[in-house]
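As C-alpha cells, the structure follows; a few thoughts come after it.
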Amino acid sequence: EIEEIDRTPDINAAKQSYKNYLSQYIGQSGAHIIYSKLLEEGVTVVNGYSGGANLPLLDQFHPDHPRHEGNGAPIRWITNSNESSSGHVAEGYAKSAPLGVNGKSPPGVVVATSGPGLTNLITPLQDAICDGVPLVALCGQAATFAPEDSFQSAPAVALTTPCTKFSYQIKGSVELPMALDYAFHVATSGRPGPAFLDLPKDLQNQVITAEAIEEFVESIPVGLETVADTEDLLCTQFVRMSDLGVGVGYGLHLGQVKEGLGFEVHH
C-alpha cells in the first residue's frame, strides 16, 4: 500500500514532497519500477505469457537480470499455455493463498502482451469480477507513437473497462508508482475484483528523469471538484485533506471521488 511519510501544510509543500518521493525512481525504466512495486506489494508469484509488447517487463523476471545481483529472481515467473490460462491460474492463486497481514486475500498477478494476448484475458477478467476475485493484470501495448492499426494493437482500456474495477493506460513511466499502488488498492478493497493496467512498450523502456517529474507534478490539477466527471480513471489530483474528511493541508487523491483513494505523501 502507499506509504505515508510529514504533513504537507500547503500546495507548494505538497508538490515538493511528491517530487521528492518520485525522485527515488530517477534513472529507472518503467519496467524496473513495475517489478519494484510488485516486490513492495509482497508479490511472490506471477503468471503470464510472453509477447513482443511485454518483453521489457519480462526481462525483469529473468534470474540473470543484473538487478538480482546473481541471487536469483525473488518473484517466481510461471509461463502458462496461453494468456487465458494465465488469468485463470492467477485467479486460483488469489482464491487459495493464505490471507495477508491485513486480513485480505493477496491479488493474483497476470502479465500478457498486446492485441490477441489482451483479448485472451477477457474471460478470466470477467470471471474475476463476477466472483469477486482480486486480480491485477499488466498488459503490454503497442508503442505510443505507433499508428492505431499497428501490429497487435488493440483498444485495451475500452475492451477491459466493462469487466474490471479499474482500467487505465499509463501516459508516462512517471505515473507508474501511483498507478500500481492504486491498482492493488482497487483490486483488494471493498468487494475484490480485477484491475488492469495497459503498458505501452516504449513507456516500459522510458527512464524517469528529474525533468519528467517536474513536468508531471506541475501538471496535476488542484481541487477535488476536478475529480468528478472525467474519463481519466486514475485522475491524480491535489486536494485539501479536509475535503476528504481527514487530516490537514494538501494531499493526493487518485480515482473518482466516491471510490477514490486520498492520502498524504511525505518524503
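By order of appearance in the C-alpha cells: chains A, B, ..., then residues from 1 within every chain, and ligands from 1 in the order shown.
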Contact residues around range 204-215 of chain A with only C-alpha atoms at 8 Å, ignoring same-chain residues under 6 positions, as a list in words: Lys19, Leu22, Ser23, Tyr25, Ile26, Gly27, Gln28, Ser29, Gly30, Ala31, Pro56, Leu57, Gly172, Ser173 and Val174 of chain A
Could you give me the residues within range 14-223 of chain A that DSSP places in alpha helix (DSSP H), as a count of residues only? 86
**Asked** For Ala53 in chain A, which residue out of A:Thr161, A:Asp181, A:Gly223, A:Ala143 is the nearest one, using only C-alpha atoms?
**Response**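 With only C-alpha atoms as the atom set, the closest residue is A:Ala143.
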* Please measure the separation of CA of Pro134 in chain A and CA of Ser153 in chain A, giving the value in Å to one decimal. =>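 Atom-to-atom, CA of Pro134 in chain A to CA of Ser153 in chain A, that is 26.3 Å.
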Next item on the list: Could you give me, as a list of chain:residue names, the residues within 7 Å of Thr164 in chain A, counting only C-alpha atoms and dropping anything in the same chain fewer than 3 positions from it?
Entry: A:Leu125, A:Ile129, A:Thr160, A:Thr161, A:Ser167, A:Gly193, A:Pro194, A:Ala195, A:Phe196
Worksheet entry | Spatial neighbours of Ser85 in chain A, 10 Å, only C-alpha atoms, chain gap at least 5 places, as a list in words |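 Once the nearby chain positions are removed, what remains is Asn47, Gly48, Tyr49, Thr79, Asn80, Ala90, Glu91, Val110, Asn120, Leu121, Thr123 and Pro124 of chain A.
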Which residues are near range 61-65 of chain A? Cut-off 9 Å, only C-alpha atoms, ignore same chain within fewer than 3 positions. Put them as a ChimeraX atom specification. /A:35,57-58,68-77
CA of Phe184 in chain A to CA of Pro107 in chain A measures 7.5 Å
Across A:Cys130, A:Leu99, A:Ala13, A:Val136, the smallest distance to His185 in chain A, with only C-alpha atoms counted, is shown by A:Val136
